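Here is the structure we will look at, set down as structure tokens.
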Amino acid sequence: MRVVFKNPFCCAGIYWRPAGLLLLAALSGCATQPPAAPLHPLRSTPSALSVVSASPSSFYNPSAVPRDVTHVVGPYETLWRLSKTYEVDMDTLMRVNHLNSPHLKEGQRLVIPSTRGPRAYIPLPNATRWTYIVIHHTATHDGNASSINKIHHQRGFWNGLGYHFLIDNGTDTKGEGQIEIGKRWVEQMDGAHCNADDMNIRGIGISLIGNFSETNVTAKELDSLVYLVKLLMERYRIPYDHVIRHSDVKGKNTECPGLRFPWAEFKRRIASR
Ligand SMILES: [Zn+2]
């Protein structure tokens, strides 16, 4: 039996399972105004880069006074990745947190001493498969990679978080505009964010925390989205008209990323140099 699911919100992919199993839908939301143009680390050093450690200027201030922060370990995060994200060496993290082993557990709370982070530490491996970027909202008012990962596991996504990237809105211990990198991106796996038109295979899935059928995208979320999309467009040579909404995908019946998502403004910003 095939189940047709129509969700006014949306997103991590709507699919069905064989007899007796459930239909599993997904997430979605978005809209606001932005300020200064973000940096473009690739512009000066093109395709040789395999990783970029940076964030939009509205989120990360390199001249800010370092401070201690608490970090709640997310899915698949490693001590090594946290040391890069916060620019604090692993030995210091282990000592301050009295860790006997570098292995972390999801949900574990860590003190990060004297940091200006978090700063997105984004791997950019060589790849030719990524030809689209698909924008979503989670259709939740709060959350982070950990909570959305759990939801997606419960919905039957074996590899959890269906998106490659998630942009936070300042809830659930994450910063407004913080970019979280999913396992599917780190391991260059198919997404589970849009099951039509091969978008899980050829599309990079980016979602923002929020329900943008009901509320607006925050300025910092939009800044981070613009920053990330421009970075990926440049790295993978993805054309402007291949940056699409989930609702633009052929065969989808969804509002994702929400009717209040400022699509025209977003497209104008990613077109600018
Ligand atoms: Zn969606």
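Naming works like this for the structure tokens: A, B, ... for the chains as they're shown, residue 1 at the start of each chain, ligands 1 onward in shown order.
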Can you pull out the residues contacting Val243 in chain A? Cut-off 7 Å, using only C-alpha atoms, and skip same-chain residues under 5 positions away; I want them as a compact mmCIF listing (two decimals) with all heavy atoms, in the first residue's frame.
# COMPACT_ATOMS: atom_id res chain seq x y z
N TYR A 132 22.68 20.20 -6.32
CA TYR A 132 21.57 21.03 -5.83
C TYR A 132 21.77 21.32 -4.35
O TYR A 132 22.44 20.56 -3.64
CB TYR A 132 20.23 20.30 -5.98
CG TYR A 132 19.64 20.37 -7.37
CD1 TYR A 132 20.06 19.48 -8.36
CD2 TYR A 132 18.68 21.32 -7.70
CE1 TYR A 132 19.55 19.54 -9.64
CE2 TYR A 132 18.15 21.38 -8.99
CZ TYR A 132 18.59 20.48 -9.94
OH TYR A 132 18.06 20.56 -11.21
N ILE A 133 21.15 22.39 -3.90
CA ILE A 133 21.03 22.66 -2.46
C ILE A 133 19.54 22.84 -2.19
O ILE A 133 18.87 23.62 -2.87
CB ILE A 133 21.81 23.92 -2.04
CG1 ILE A 133 23.31 23.72 -2.27
CG2 ILE A 133 21.54 24.26 -0.58
CD1 ILE A 133 24.15 24.97 -2.04
N VAL A 134 19.03 22.09 -1.22
CA VAL A 134 17.60 22.13 -0.92
C VAL A 134 17.41 22.70 0.50
O VAL A 134 17.99 22.19 1.46
CB VAL A 134 16.97 20.72 -1.00
CG1 VAL A 134 15.45 20.81 -0.80
CG2 VAL A 134 17.30 20.05 -2.33
Spatial neighbours of Lys267 in chain A, max dist 9 Å, only C-alpha atoms, sep filter under 4 positions, as a PDB file with N, CA and C atoms, in the first residue's frame:
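Saved to selection-v5.pdb:
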ATOM      1  N   VAL A 226      22.915  32.132   4.379  1.00  0.00           N
ATOM      2  CA  VAL A 226      23.517  32.776   3.207  1.00  0.00           C
ATOM      3  C   VAL A 226      25.004  32.416   3.140  1.00  0.00           C
ATOM      4  N   TYR A 240      23.135  29.009  -9.330  1.00  0.00           N
ATOM      5  CA  TYR A 240      22.137  29.780  -8.572  1.00  0.00           C
ATOM      6  C   TYR A 240      20.743  29.159  -8.647  1.00  0.00           C
ATOM      7  N   VAL A 243      19.663  26.208  -6.324  1.00  0.00           N
ATOM      8  CA  VAL A 243      19.404  26.408  -4.894  1.00  0.00           C
ATOM      9  C   VAL A 243      17.894  26.579  -4.777  1.00  0.00           C
ATOM     10  N   PRO A 262      11.811  34.219   3.746  1.00  0.00           N
ATOM     11  CA  PRO A 262      12.078  35.359   2.849  1.00  0.00           C
ATOM     12  C   PRO A 262      12.881  34.924   1.619  1.00  0.00           C
ATOM     13  N   TRP A 263      12.226  34.175   0.749  1.00  0.00           N
ATOM     14  CA  TRP A 263      12.943  33.532  -0.349  1.00  0.00           C
ATOM     15  C   TRP A 263      13.590  34.541  -1.294  1.00  0.00           C
ATOM     16  N   ALA A 271      23.071  35.809  -4.577  1.00  0.00           N
ATOM     17  CA  ALA A 271      23.519  36.212  -5.915  1.00  0.00           C
ATOM     18  C   ALA A 271      24.583  37.279  -5.860  1.00  0.00           C
ATOM     19  N   SER A 272      24.691  37.952  -4.727  1.00  0.00           N
ATOM     20  CA  SER A 272      25.629  39.074  -4.645  1.00  0.00           C
ATOM     21  C   SER A 272      27.032  38.583  -4.320  1.00  0.00           C
TER      22      SER A 272
END
Please report, as a ChimeraX atom specification, each residue of range 158-265 of chain A to which DSSP assigns strand (DSSP E or B) when run on this structure's backbone.
/A:165-169,176-181,203-208,243-245,254
Same residues, C-alpha atoms, output as a PDB file, in the first residue's frame:
ATOM      1  CA  PHE A 165      23.463  20.792   7.880  1.00  0.00           C
ATOM      2  CA  LEU A 166      21.256  22.339  10.524  1.00  0.00           C
ATOM      3  CA  ILE A 167      21.140  26.008  11.481  1.00  0.00           C
ATOM      4  CA  ASP A 168      20.030  26.708  15.044  1.00  0.00           C
ATOM      5  CA  ASN A 169      17.747  29.433  16.301  1.00  0.00           C
ATOM      6  CA  GLU A 176      21.232  31.655  17.178  1.00  0.00           C
ATOM      7  CA  GLY A 177      22.749  31.104  13.755  1.00  0.00           C
ATOM      8  CA  GLN A 178      25.017  28.273  14.872  1.00  0.00           C
ATOM      9  CA  ILE A 179      25.797  25.850  12.046  1.00  0.00           C
ATOM     10  CA  GLU A 180      25.712  22.182  13.043  1.00  0.00           C
ATOM     11  CA  ILE A 181      27.220  19.633  10.686  1.00  0.00           C
ATOM     12  CA  GLY A 203      21.003  17.590  -3.158  1.00  0.00           C
ATOM     13  CA  ILE A 204      22.680  18.982  -0.060  1.00  0.00           C
ATOM     14  CA  GLY A 205      19.945  19.290   2.556  1.00  0.00           C
ATOM     15  CA  ILE A 206      20.084  22.329   4.831  1.00  0.00           C
ATOM     16  CA  SER A 207      17.418  22.974   7.427  1.00  0.00           C
ATOM     17  CA  LEU A 208      16.778  25.839   9.789  1.00  0.00           C
ATOM     18  CA  VAL A 243      19.404  26.408  -4.894  1.00  0.00           C
ATOM     19  CA  ILE A 244      15.798  25.526  -4.255  1.00  0.00           C
ATOM     20  CA  ARG A 245      13.133  25.183  -1.603  1.00  0.00           C
ATOM     21  CA  THR A 254       4.687  20.849   1.002  1.00  0.00           C
TER      22      THR A 254
END
If you count only C-alpha atoms, which residues fall within 9 Å of Ile112 in chain A, apart from same-chain ones fewer than 4 positions away, as a PDB file with N, CA and C atoms, in the first residue's frame?
ATOM      1  N   ARG A  67      35.724  33.384  26.616  1.00  0.00           N
ATOM      2  CA  ARG A  67      34.952  33.099  27.826  1.00  0.00           C
ATOM      3  C   ARG A  67      34.754  31.594  27.954  1.00  0.00           C
ATOM      4  N   ASP A  68      34.395  31.172  29.173  1.00  0.00           N
ATOM      5  CA  ASP A  68      34.088  29.758  29.371  1.00  0.00           C
ATOM      6  C   ASP A  68      32.640  29.515  28.956  1.00  0.00           C
ATOM      7  N   VAL A  69      32.405  28.411  28.276  1.00  0.00           N
ATOM      8  CA  VAL A  69      31.032  28.071  27.897  1.00  0.00           C
ATOM      9  C   VAL A  69      30.779  26.597  28.212  1.00  0.00           C
ATOM     10  N   THR A  70      29.507  26.250  28.266  1.00  0.00           N
ATOM     11  CA  THR A  70      29.131  24.847  28.445  1.00  0.00           C
ATOM     12  C   THR A  70      28.664  24.305  27.105  1.00  0.00           C
ATOM     13  N   HIS A  71      29.130  23.140  26.760  1.00  0.00           N
ATOM     14  CA  HIS A  71      28.715  22.505  25.509  1.00  0.00           C
ATOM     15  C   HIS A  71      28.039  21.174  25.824  1.00  0.00           C
ATOM     16  N   TYR A  86      35.925  24.896  18.912  1.00  0.00           N
ATOM     17  CA  TYR A  86      36.123  25.912  19.952  1.00  0.00           C
ATOM     18  C   TYR A  86      37.563  26.432  19.999  1.00  0.00           C
ATOM     19  N   VAL A  88      40.205  24.975  21.119  1.00  0.00           N
ATOM     20  CA  VAL A  88      40.831  24.621  22.396  1.00  0.00           C
ATOM     21  C   VAL A  88      41.416  23.222  22.210  1.00  0.00           C
ATOM     22  N   THR A  92      43.610  20.013  26.844  1.00  0.00           N
ATOM     23  CA  THR A  92      42.975  20.962  27.764  1.00  0.00           C
ATOM     24  C   THR A  92      41.535  20.555  28.038  1.00  0.00           C
ATOM     25  N   LEU A  93      40.813  20.175  26.984  1.00  0.00           N
ATOM     26  CA  LEU A  93      39.419  19.755  27.178  1.00  0.00           C
ATOM     27  C   LEU A  93      39.341  18.537  28.106  1.00  0.00           C
ATOM     28  N   VAL A  96      40.344  19.777  31.854  1.00  0.00           N
ATOM     29  CA  VAL A  96      39.329  20.615  32.506  1.00  0.00           C
ATOM     30  C   VAL A  96      38.085  19.809  32.851  1.00  0.00           C
ATOM     31  N   ASN A  97      37.774  18.832  32.009  1.00  0.00           N
ATOM     32  CA  ASN A  97      36.553  18.055  32.233  1.00  0.00           C
ATOM     33  C   ASN A  97      36.811  16.703  32.921  1.00  0.00           C
TER      34      ASN A  97
END
Measuring between only C-alpha atoms and all ligand atoms, which one of A:Val186, A:Val217, A:Met199, A:Leu99 shows the shortest distance to ligand 1?
A:Met199
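When only C-alpha atoms are used to measure the gap to Lys250 in chain A, the shortest distance among A:Cys194, A:Pro123, A:His103, A:Arg155 belongs to A:Cys194.
A straight line drawn from CA of Trp158 in chain A to CA of Asp197 in chain A is 21.0 Å long.
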Which parts of range 18-254 of chain A does DSSP call alpha helix (DSSP H) when run on the backbone here, written out as a ChimeraX atom specification?
/A:41-44,79-86,90-96,145-154,183-186,199-202,219-236
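Counting only C-alpha atoms and comparing A:Ile122, A:Ala139, A:Val73, A:Met189, the residue that lies closest to Arg109 in chain A is A:Val73.
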Among the residues A:Val51, A:Pro102, A:Leu82, A:Gly170, the one that comes closest to Lys220 in chain A [using only C-alpha atoms]:
A:Gly170
